[in-house]
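K.L.:
Below is query14.cif; it holds mmCIF, C-alpha atoms and all ligand atoms.
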data_target
loop_
_atom_site.group_PDB
_atom_site.id
_atom_site.type_symbol
_atom_site.label_atom_id
_atom_site.label_comp_id
_atom_site.auth_asym_id
_atom_site.auth_seq_id
_atom_site.Cartn_x
_atom_site.Cartn_y
_atom_site.Cartn_z
ATOM 1 C CA MET J 7 4.143 -16.132 -7.174
ATOM 2 C CA SER J 8 6.847 -15.109 -4.701
ATOM 3 C CA GLN J 9 5.901 -14.909 -1.028
ATOM 4 C CA LEU J 10 6.026 -11.591 0.808
ATOM 5 C CA ASN J 11 7.796 -11.588 4.124
ATOM 6 C CA PRO J 12 5.674 -9.825 6.783
ATOM 7 C CA ASP J 13 8.864 -8.821 8.625
ATOM 8 C CA ASP J 14 9.780 -6.688 5.636
ATOM 9 C CA PHE J 15 6.643 -4.604 6.185
ATOM 10 C CA ILE J 16 7.511 -4.036 9.837
ATOM 11 C CA ILE J 17 11.017 -2.908 8.916
ATOM 12 C CA THR J 18 9.697 -0.657 6.152
ATOM 13 C CA ARG J 19 7.190 1.026 8.448
ATOM 14 C CA LYS J 20 9.830 1.491 11.099
ATOM 15 C CA ARG J 21 12.131 3.072 8.542
ATOM 16 C CA LYS J 22 9.391 5.445 7.443
ATOM 17 C CA LYS J 23 8.647 6.406 11.060
ATOM 18 C CA TYR J 24 12.360 6.907 11.599
ATOM 19 C CA ARG J 25 12.530 9.237 8.573
ATOM 20 C CA PHE J 26 9.539 11.230 9.843
ATOM 21 C CA ALA J 27 11.305 11.569 13.198
ATOM 22 C CA LEU J 28 14.380 12.915 11.389
ATOM 23 C CA PHE J 29 12.129 15.508 9.697
ATOM 24 C CA ALA J 30 10.543 16.521 13.015
ATOM 25 C CA ASN J 31 13.934 16.837 14.717
ATOM 26 C CA SER J 32 15.690 18.854 12.027
ATOM 27 C CA SER J 33 15.994 22.600 12.639
ATOM 28 C CA LEU J 34 15.797 23.099 8.847
ATOM 29 C CA CYS J 35 12.389 21.347 8.490
ATOM 30 C CA TYR J 36 8.967 22.914 9.092
ATOM 31 C CA GLU J 37 5.412 21.670 9.096
ATOM 32 C CA PHE J 38 2.987 23.931 7.226
ATOM 33 C CA ASP J 39 1.576 25.472 10.415
ATOM 34 C CA GLU J 40 5.050 26.108 11.904
ATOM 35 C CA TRP J 41 6.255 28.117 8.906
ATOM 36 C CA ASP J 42 6.793 31.881 9.242
ATOM 37 C CA LYS J 43 5.431 33.600 6.146
ATOM 38 C CA SER J 44 7.724 36.575 6.677
ATOM 39 C CA TRP J 45 10.874 34.468 6.037
ATOM 40 C CA PRO J 46 12.373 36.216 2.981
ATOM 41 C CA ALA J 47 12.524 33.360 0.466
ATOM 42 C CA ASP J 48 13.924 34.047 -3.008
ATOM 43 C CA VAL J 49 13.652 30.684 -4.760
ATOM 44 C CA ILE J 50 11.270 27.796 -4.091
ATOM 45 C CA GLU J 51 10.760 24.332 -5.551
ATOM 46 C CA VAL J 52 7.268 22.819 -5.443
ATOM 47 C CA GLY J 53 7.116 19.014 -5.357
ATOM 48 C CA ALA J 54 10.785 19.030 -4.413
ATOM 49 C CA GLY J 55 11.005 15.370 -3.300
ATOM 50 C CA THR J 56 14.227 15.167 -1.296
ATOM 51 C CA GLY J 57 15.046 18.823 -2.004
ATOM 52 C CA GLN J 58 18.635 17.918 -2.936
ATOM 53 C CA PHE J 59 18.438 19.990 -6.132
ATOM 54 C CA LEU J 60 17.934 23.148 -4.052
ATOM 55 C CA VAL J 61 20.638 22.095 -1.597
ATOM 56 C CA GLU J 62 23.148 22.156 -4.458
ATOM 57 C CA LEU J 63 21.850 25.510 -5.766
ATOM 58 C CA ALA J 64 21.979 26.933 -2.221
ATOM 59 C CA SER J 65 25.603 25.845 -1.916
ATOM 60 C CA ARG J 66 26.411 27.771 -5.120
ATOM 61 C CA HIS J 67 24.535 30.960 -4.158
ATOM 62 C CA SER J 68 24.937 31.746 -0.475
ATOM 63 C CA ASP J 69 23.254 35.150 -1.016
ATOM 64 C CA ARG J 70 19.914 33.547 -2.048
ATOM 65 C CA ARG J 71 17.389 31.879 0.267
ATOM 66 C CA TYR J 72 15.757 28.651 -0.900
ATOM 67 C CA VAL J 73 12.689 26.688 0.247
ATOM 68 C CA ALA J 74 11.927 23.094 -0.803
ATOM 69 C CA ILE J 75 8.243 22.155 -0.529
ATOM 70 C CA ASP J 76 6.744 18.697 -0.691
ATOM 71 C CA VAL J 77 3.845 16.831 0.899
ATOM 72 C CA LYS J 78 6.235 14.081 1.974
ATOM 73 C CA GLY J 79 8.338 14.863 5.032
ATOM 74 C CA ASP J 80 10.144 11.518 4.885
ATOM 75 C CA ARG J 81 11.603 12.624 1.525
ATOM 76 C CA LEU J 82 12.433 16.206 2.494
ATOM 77 C CA GLN J 83 14.445 15.112 5.515
ATOM 78 C CA LYS J 84 17.041 13.617 3.148
ATOM 79 C CA GLY J 85 17.875 17.013 1.669
ATOM 80 C CA ALA J 86 17.804 18.595 5.128
ATOM 81 C CA ARG J 87 20.341 16.094 6.411
ATOM 82 C CA GLU J 88 22.575 16.750 3.402
ATOM 83 C CA ALA J 89 22.340 20.519 3.983
ATOM 84 C CA GLU J 90 23.218 20.025 7.668
ATOM 85 C CA ALA J 91 26.167 17.777 6.816
ATOM 86 C CA ARG J 92 27.479 20.336 4.299
ATOM 87 C CA GLY J 93 26.887 23.298 6.649
ATOM 88 C CA ILE J 94 24.467 24.957 4.199
ATOM 89 C CA LYS J 95 22.110 27.305 6.017
ATOM 90 C CA ASN J 96 20.278 29.142 3.221
ATOM 91 C CA VAL J 97 17.832 26.334 2.376
ATOM 92 C CA LEU J 98 14.771 25.271 4.385
ATOM 93 C CA PHE J 99 12.252 22.460 3.929
ATOM 94 C CA VAL J 100 8.484 22.785 4.364
ATOM 95 C CA ARG J 101 5.978 19.961 4.379
ATOM 96 C CA ALA J 102 2.978 21.464 2.595
ATOM 97 C CA ARG J 103 0.767 21.090 -0.459
ATOM 98 C CA ALA J 104 1.012 23.210 -3.596
ATOM 99 C CA ASP J 105 -2.472 24.597 -2.971
ATOM 100 C CA GLN J 106 -1.174 26.101 0.302
ATOM 101 C CA LEU J 107 1.562 28.201 -1.347
ATOM 102 C CA ALA J 108 -0.296 31.509 -1.020
ATOM 103 C CA GLU J 109 -0.362 30.938 2.759
ATOM 104 C CA LEU J 110 3.392 30.278 2.852
ATOM 105 C CA PHE J 111 4.815 33.232 0.916
ATOM 106 C CA GLN J 112 4.099 36.927 0.478
ATOM 107 C CA ALA J 113 2.656 38.157 -2.813
ATOM 108 C CA ASN J 114 5.232 39.496 -5.330
ATOM 109 C CA SER J 115 8.139 38.209 -3.233
ATOM 110 C CA LEU J 116 9.804 35.303 -5.081
ATOM 111 C CA SER J 117 12.433 35.566 -7.796
ATOM 112 C CA GLN J 118 12.059 31.987 -9.063
ATOM 113 C CA ILE J 119 9.759 28.973 -8.754
ATOM 114 C CA TRP J 120 11.053 25.561 -9.803
ATOM 115 C CA LEU J 121 8.907 22.589 -10.870
ATOM 116 C CA THR J 122 11.035 19.541 -11.555
ATOM 117 C CA PHE J 123 9.609 16.229 -12.748
ATOM 118 C CA SER J 124 6.180 17.012 -11.325
ATOM 119 C CA ASP J 125 3.790 14.063 -11.152
ATOM 120 C CA PRO J 126 2.237 14.038 -14.670
ATOM 121 C CA PHE J 127 -1.262 12.809 -13.638
ATOM 122 C CA PRO J 128 -1.822 11.463 -17.186
ATOM 123 C CA LYS J 129 -5.593 10.894 -16.891
ATOM 124 C CA LYS J 130 -7.574 13.832 -18.280
ATOM 125 C CA ARG J 131 -9.901 13.898 -15.295
ATOM 126 C CA SER J 132 -6.858 14.425 -13.007
ATOM 127 C CA SER J 133 -5.428 17.340 -15.016
ATOM 128 C CA GLY J 134 -6.420 19.775 -12.241
ATOM 129 C CA ARG J 135 -3.778 18.152 -10.020
ATOM 130 C CA ARG J 136 -0.919 18.856 -12.447
ATOM 131 C CA LEU J 137 1.314 21.551 -10.961
ATOM 132 C CA THR J 138 1.201 23.448 -14.268
ATOM 133 C CA HIS J 139 -2.602 23.639 -14.349
ATOM 134 C CA PRO J 140 -3.838 27.249 -14.907
ATOM 135 C CA GLY J 141 -5.083 27.362 -11.281
ATOM 136 C CA PHE J 142 -1.519 26.800 -10.019
ATOM 137 C CA LEU J 143 -0.058 29.145 -12.681
ATOM 138 C CA ASP J 144 -2.252 31.904 -11.253
ATOM 139 C CA THR J 145 -0.817 31.292 -7.783
ATOM 140 C CA TYR J 146 2.759 31.346 -9.111
ATOM 141 C CA ARG J 147 2.049 34.620 -10.921
ATOM 142 C CA SER J 148 0.788 36.213 -7.699
ATOM 143 C CA LEU J 149 3.876 35.089 -5.745
ATOM 144 C CA LEU J 150 6.577 36.050 -8.270
ATOM 145 C CA ARG J 151 8.041 39.525 -8.117
ATOM 146 C CA ALA J 152 8.339 41.582 -11.337
ATOM 147 C CA GLY J 153 10.682 39.741 -13.687
ATOM 148 C CA GLY J 154 10.538 36.560 -11.532
ATOM 149 C CA ARG J 155 10.816 33.229 -13.349
ATOM 150 C CA LEU J 156 8.991 29.932 -13.471
ATOM 151 C CA SER J 157 11.460 27.187 -14.437
ATOM 152 C CA ILE J 158 10.297 23.694 -15.377
ATOM 153 C CA LYS J 159 12.177 20.471 -16.137
ATOM 154 C CA HIS J 160 10.453 17.265 -17.240
ATOM 155 C CA ASP J 161 11.136 13.983 -19.022
ATOM 156 C CA ASN J 162 7.528 13.298 -20.081
ATOM 157 C CA LEU J 163 6.807 14.904 -23.470
ATOM 158 C CA ASP J 164 3.013 14.654 -23.159
ATOM 159 C CA PHE J 165 3.131 16.493 -19.838
ATOM 160 C CA PHE J 166 5.639 19.004 -21.192
ATOM 161 C CA HIS J 167 3.632 19.798 -24.339
ATOM 162 C CA TRP J 168 0.469 20.198 -22.262
ATOM 163 C CA THR J 169 2.389 22.512 -19.923
ATOM 164 C CA LEU J 170 3.633 24.646 -22.839
ATOM 165 C CA GLU J 171 0.040 24.948 -24.090
ATOM 166 C CA GLN J 172 -1.114 26.191 -20.669
ATOM 167 C CA LEU J 173 1.759 28.686 -20.433
ATOM 168 C CA VAL J 174 1.051 30.120 -23.880
ATOM 169 C CA ALA J 175 -2.719 30.241 -23.295
ATOM 170 C CA GLU J 176 -2.177 32.065 -19.985
ATOM 171 C CA GLY J 177 0.167 34.632 -21.565
ATOM 172 C CA TRP J 178 3.491 33.601 -19.949
ATOM 173 C CA GLN J 179 6.563 34.871 -21.784
ATOM 174 C CA ILE J 180 8.925 32.041 -22.715
ATOM 175 C CA ASP J 181 12.601 33.048 -22.455
ATOM 176 C CA GLU J 182 14.320 29.645 -22.759
ATOM 177 C CA LEU J 183 13.035 26.409 -24.270
ATOM 178 C CA SER J 184 14.939 23.192 -24.839
ATOM 179 C CA PHE J 185 13.928 19.633 -25.619
ATOM 180 C CA ASP J 186 17.409 18.457 -24.653
ATOM 181 C CA LEU J 187 18.547 20.505 -21.657
ATOM 182 C CA HIS J 188 21.920 18.805 -21.213
ATOM 183 C CA GLU J 189 22.935 19.500 -24.830
ATOM 184 C CA SER J 190 21.754 23.116 -24.656
ATOM 185 C CA GLN J 191 23.687 26.290 -23.888
ATOM 186 C CA VAL J 192 21.646 27.365 -20.848
ATOM 187 C CA ASP J 193 23.217 28.393 -17.540
ATOM 188 C CA GLU J 194 24.977 25.502 -15.773
ATOM 189 C CA ASP J 195 22.738 25.923 -12.687
ATOM 190 C CA TYR J 196 19.802 24.639 -14.731
ATOM 191 C CA LYS J 197 21.730 21.430 -15.389
ATOM 192 C CA VAL J 198 22.141 20.506 -11.712
ATOM 193 C CA LEU J 199 20.510 17.087 -11.496
ATOM 194 C CA THR J 200 17.474 16.328 -9.364
ATOM 195 C CA PRO J 201 17.225 12.709 -8.141
ATOM 196 C CA TYR J 202 14.529 11.940 -10.759
ATOM 197 C CA GLU J 203 16.556 13.626 -13.486
ATOM 198 C CA TYR J 204 19.566 11.481 -12.588
ATOM 199 C CA ARG J 205 17.396 8.399 -12.981
ATOM 200 C CA TRP J 206 15.789 9.409 -16.316
ATOM 201 C CA LEU J 207 19.086 10.534 -17.827
ATOM 202 C CA GLY J 208 20.578 7.177 -16.845
ATOM 203 C CA GLU J 209 17.779 5.494 -18.771
ATOM 204 C CA GLY J 210 18.607 7.551 -21.878
ATOM 205 C CA SER J 211 15.734 10.077 -21.682
ATOM 206 C CA LYS J 212 16.165 13.640 -22.846
ATOM 207 C CA ILE J 213 15.211 16.402 -20.441
ATOM 208 C CA ASN J 214 12.797 19.131 -21.525
ATOM 209 C CA PHE J 215 13.215 22.579 -20.050
ATOM 210 C CA VAL J 216 11.321 25.855 -20.130
ATOM 211 C CA ASP J 217 12.053 29.124 -18.349
ATOM 212 C CA CYS J 218 9.361 31.797 -18.471
ATOM 213 C CA ARG J 219 8.029 35.000 -16.957
ATOM 214 C CA ALA J 220 4.515 35.717 -15.775
ATOM 215 C CA PRO J 221 2.246 37.918 -17.861
ATOM 216 C CA GLN J 222 2.267 41.573 -16.773
ATOM 217 C CA SER J 223 -0.925 42.534 -15.012
ATOM 218 C CA SER J 224 -2.754 45.264 -16.926
HETATM 219 C C1 LIG J 301 8.137 12.672 -9.319
HETATM 220 S S1 LIG J 301 8.558 13.396 -7.783
HETATM 221 C C2 LIG J 301 9.839 14.526 -8.246
HETATM 222 C C3 LIG J 301 10.714 14.909 -7.069
HETATM 223 C C4 LIG J 301 11.848 15.908 -7.379
HETATM 224 N N1 LIG J 301 11.333 17.156 -7.913
HETATM 225 C C5 LIG J 301 12.867 15.341 -8.332
HETATM 226 O O1 LIG J 301 12.933 15.779 -9.480
HETATM 227 O O2 LIG J 301 13.639 14.453 -7.917
HETATM 228 C C6 LIG J 301 7.163 14.460 -7.503
HETATM 229 C C7 LIG J 301 7.067 14.993 -6.078
HETATM 230 O O3 LIG J 301 6.005 15.930 -6.029
HETATM 231 C C8 LIG J 301 5.334 15.789 -4.793
HETATM 232 N N2 LIG J 301 3.982 16.340 -4.959
HETATM 233 C C9 LIG J 301 3.013 15.897 -5.812
HETATM 234 N N3 LIG J 301 1.921 16.675 -5.729
HETATM 235 C C10 LIG J 301 2.211 17.648 -4.810
HETATM 236 C C11 LIG J 301 1.472 18.763 -4.291
HETATM 237 N N4 LIG J 301 0.240 19.029 -4.688
HETATM 238 N N5 LIG J 301 2.071 19.534 -3.358
HETATM 239 C C12 LIG J 301 3.343 19.285 -2.939
HETATM 240 N N6 LIG J 301 4.083 18.237 -3.398
HETATM 241 C C13 LIG J 301 3.525 17.434 -4.325
HETATM 242 C C14 LIG J 301 5.391 14.301 -4.493
HETATM 243 O O4 LIG J 301 5.242 14.023 -3.106
HETATM 244 C C15 LIG J 301 6.768 13.934 -5.032
HETATM 245 O O5 LIG J 301 7.768 13.987 -4.013
#
Output the file's structure as structure tokens, nothing else.
Ligand SMILES: C[S@@+](CC[C@H](N)C(=O)[O-])C[C@H]1O[C@@H](n2cnc3c(N)ncnc32)[C@H](O)[C@@H]1O
P.N.:
Amino acid sequence: MSQLNPDDFIITRKRKKYRFALFANSSLCYEFDEWDKSWPADVIEVGAGTGQFLVELASRHSDRRYVAIDVKGDRLQKGAREAEARGIKNVLFVRARADQLAELFQANSLSQIWLTFSDPFPKKRSSGRRLTHPGFLDTYRSLLRAGGRLSIKHDNLDFFHWTLEQLVAEGWQIDELSFDLHESQVDEDYKVLTPYEYRWLGEGSKINFVDCRAPQSS
């Protein structure tokens, strides 16, 4: 068995601390309790990782305001630094959990919610943690404005099929569905790669994609 070098741990922890400091020092990054709910967000990504997917979308649509949300500030700071370096000002980064979304945004305010390569939580007993669980779908429905869209990309077919079942059972209207996004005819924006997507495509996986609208309240 190979030996682990204790110095590596020290360096790793220092790096992580350093990345958290970069998050804290960036004017584009917010802790949950620093965030101003009245900021007029249009598009959000939940479980955004580095948030680089939204940075690219923000660079293409300067008239839309984007918010990347993740529990991990050391990841988000990477997207924030890229946005700063590229002079992109219409994307912000919030360290928060998905179950806090209703405290971050006004009801009926968002035009689009992105979920990309969400953790699949394959064990049945953990299904409540999947970001496409009906409890989360209810929150997304309350935050989306009329005609707003939930857009989902994933490599894992089991997770994707389960997600489609939840969407259908909860009455979401499916507008676009593809089991091979990069061979499909959908808008080029949808094909912007997230870091995980880049990795899975490189390994030969196909990307599943669904774009849908919330059920109308009666
Ligand atoms: C597999 S990564 C995908 C990252 C990014 N979307 C991408 O495609 O490159 C999943 C991300 O979701 C975040 N995450 C998982 N559960 C979350 C939750 N309940 N609230 C916020 N973020 C969450 C994790 O911290 C992780 O960064």
K.L.:
Which polymer residues have any atom within 8 Å of an atom of stretch 57-64 of chain J, counting all atoms listed in the file, with same-chain residues fewer than 4 positions away left out, as a PDB file with C-alpha atoms, in the frame of the given file?
P.N.:
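Saved the output as part_24.pdb:
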ATOM      1  CA  GLU J  51      10.760  24.332  -5.551  1.00  0.00           C
ATOM      2  CA  SER J  68      24.937  31.746  -0.475  1.00  0.00           C
ATOM      3  CA  ARG J  70      19.914  33.547  -2.048  1.00  0.00           C
ATOM      4  CA  ARG J  71      17.389  31.879   0.267  1.00  0.00           C
ATOM      5  CA  TYR J  72      15.757  28.651  -0.900  1.00  0.00           C
ATOM      6  CA  VAL J  73      12.689  26.688   0.247  1.00  0.00           C
ATOM      7  CA  ALA J  74      11.927  23.094  -0.803  1.00  0.00           C
ATOM      8  CA  ILE J  75       8.243  22.155  -0.529  1.00  0.00           C
ATOM      9  CA  ARG J  81      11.603  12.624   1.525  1.00  0.00           C
ATOM     10  CA  LEU J  82      12.433  16.206   2.494  1.00  0.00           C
ATOM     11  CA  LYS J  84      17.041  13.617   3.148  1.00  0.00           C
ATOM     12  CA  GLY J  85      17.875  17.013   1.669  1.00  0.00           C
ATOM     13  CA  ALA J  86      17.804  18.595   5.128  1.00  0.00           C
ATOM     14  CA  GLU J  88      22.575  16.750   3.402  1.00  0.00           C
ATOM     15  CA  ALA J  89      22.340  20.519   3.983  1.00  0.00           C
ATOM     16  CA  ILE J  94      24.467  24.957   4.199  1.00  0.00           C
ATOM     17  CA  ASN J  96      20.278  29.142   3.221  1.00  0.00           C
ATOM     18  CA  VAL J  97      17.832  26.334   2.376  1.00  0.00           C
ATOM     19  CA  PHE J  99      12.252  22.460   3.929  1.00  0.00           C
ATOM     20  CA  ASP J 195      22.738  25.923 -12.687  1.00  0.00           C
ATOM     21  CA  VAL J 198      22.141  20.506 -11.712  1.00  0.00           C
ATOM     22  CA  LEU J 199      20.510  17.087 -11.496  1.00  0.00           C
ATOM     23  CA  THR J 200      17.474  16.328  -9.364  1.00  0.00           C
ATOM     24  CA  PRO J 201      17.225  12.709  -8.141  1.00  0.00           C
TER      25      PRO J 201
END
K.L.:
Set out as a tab-separated table a contact list for chain J and ligand LIG 301 (chain J) with a cut-off of 7 Å, giving each residue of chain J that qualifies its closest atom pair and distance in Å to one decimal, counting only C-alpha atoms and all ligand atoms, ordered by chain and rising residue number.
P.N.:
residue	atom	partner	partner_atom	distance
J:Val52	CA	J:LIG301	C12	5.8
J:Gly53	CA	J:LIG301	O3	3.3
J:Ala54	CA	J:LIG301	N1	4.0
J:Gly55	CA	J:LIG301	O5	3.6
J:Thr56	CA	J:LIG301	C4	6.6
J:Gly57	CA	J:LIG301	C4	6.9
J:Ile75	CA	J:LIG301	C12	6.2
J:Asp76	CA	J:LIG301	N6	3.8
J:Val77	CA	J:LIG301	N6	4.5
J:Lys78	CA	J:LIG301	O4	5.2
J:Arg81	CA	J:LIG301	O5	6.9
J:Ala102	CA	J:LIG301	C12	6.0
J:Arg103	CA	J:LIG301	N5	3.5
J:Ala104	CA	J:LIG301	N5	3.8
J:Asp105	CA	J:LIG301	N4	6.4
J:Leu121	CA	J:LIG301	N1	6.6
J:Thr122	CA	J:LIG301	N1	4.4
J:Phe123	CA	J:LIG301	O1	4.7
J:Ser124	CA	J:LIG301	C6	4.7
J:Asp125	CA	J:LIG301	C1	4.9
J:Arg135	CA	J:LIG301	N4	6.7
J:Leu137	CA	J:LIG301	N4	6.8
J:Thr200	CA	J:LIG301	O2	4.5
J:Pro201	CA	J:LIG301	O2	4.0
J:Tyr202	CA	J:LIG301	O2	3.9
J:Glu203	CA	J:LIG301	O1	5.8
K.L.:
Can you give me, as a count of residues only, the residues this file yields under the PyMOL selection byres (((chain J and resi 118) around 8) and not hetatm)?
P.N.:
12
K.L.:
Fewer than 4 positions away in the same chain doesn't count, so skip those; otherwise give me all residues within 12 Å of J:Ala30, counting only C-alpha atoms, as an NGL selection string.
P.N.:
:J and (23-26 or 34-37 or 40 or 79-80 or 82-83 or 86-87 or 99-101)
K.L.:
When you look at J:Leu110 with a cut-off of 8 Å (counting all atoms listed in the file), what residues show up, excluding the ones that are within fewer than 2 positions of it in the same chain? I need them as a list in words.
P.N.:
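The contact residues come out as Phe38, Trp41, Asp42, Lys43, Gln106, Leu107, Ala108 and Gln112 of chain J.
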K.L.:
Output C-alpha atoms of each residue in that selection to a file, as a PDB file, keeping the file's coordinate frame.
P.N.:
ATOM      1  CA  PHE J  38       2.987  23.931   7.226  1.00  0.00           C
ATOM      2  CA  TRP J  41       6.255  28.117   8.906  1.00  0.00           C
ATOM      3  CA  ASP J  42       6.793  31.881   9.242  1.00  0.00           C
ATOM      4  CA  LYS J  43       5.431  33.600   6.146  1.00  0.00           C
ATOM      5  CA  GLN J 106      -1.174  26.101   0.302  1.00  0.00           C
ATOM      6  CA  LEU J 107       1.562  28.201  -1.347  1.00  0.00           C
ATOM      7  CA  ALA J 108      -0.296  31.509  -1.020  1.00  0.00           C
ATOM      8  CA  GLN J 112       4.099  36.927   0.478  1.00  0.00           C
TER       9      GLN J 112
END
K.L.:
Between J:Leu207, J:Ala220, J:Leu170, J:Ile213, single out the one closest to J:Phe185, counting only C-alpha atoms.
P.N.:
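Closest candidate: J:Ile213.
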K.L.:
Adding 6 Å on each side of the box along x, y and z that holds all listed atoms of stretch 157-162 of chain J, could you give its centre and edge lengths in Å to one decimal, as JSON?
P.N.:
{"center_x": 9.9, "center_y": 20.2, "center_z": -17.3, "size_x": 16.6, "size_y": 25.9, "size_z": 17.6}
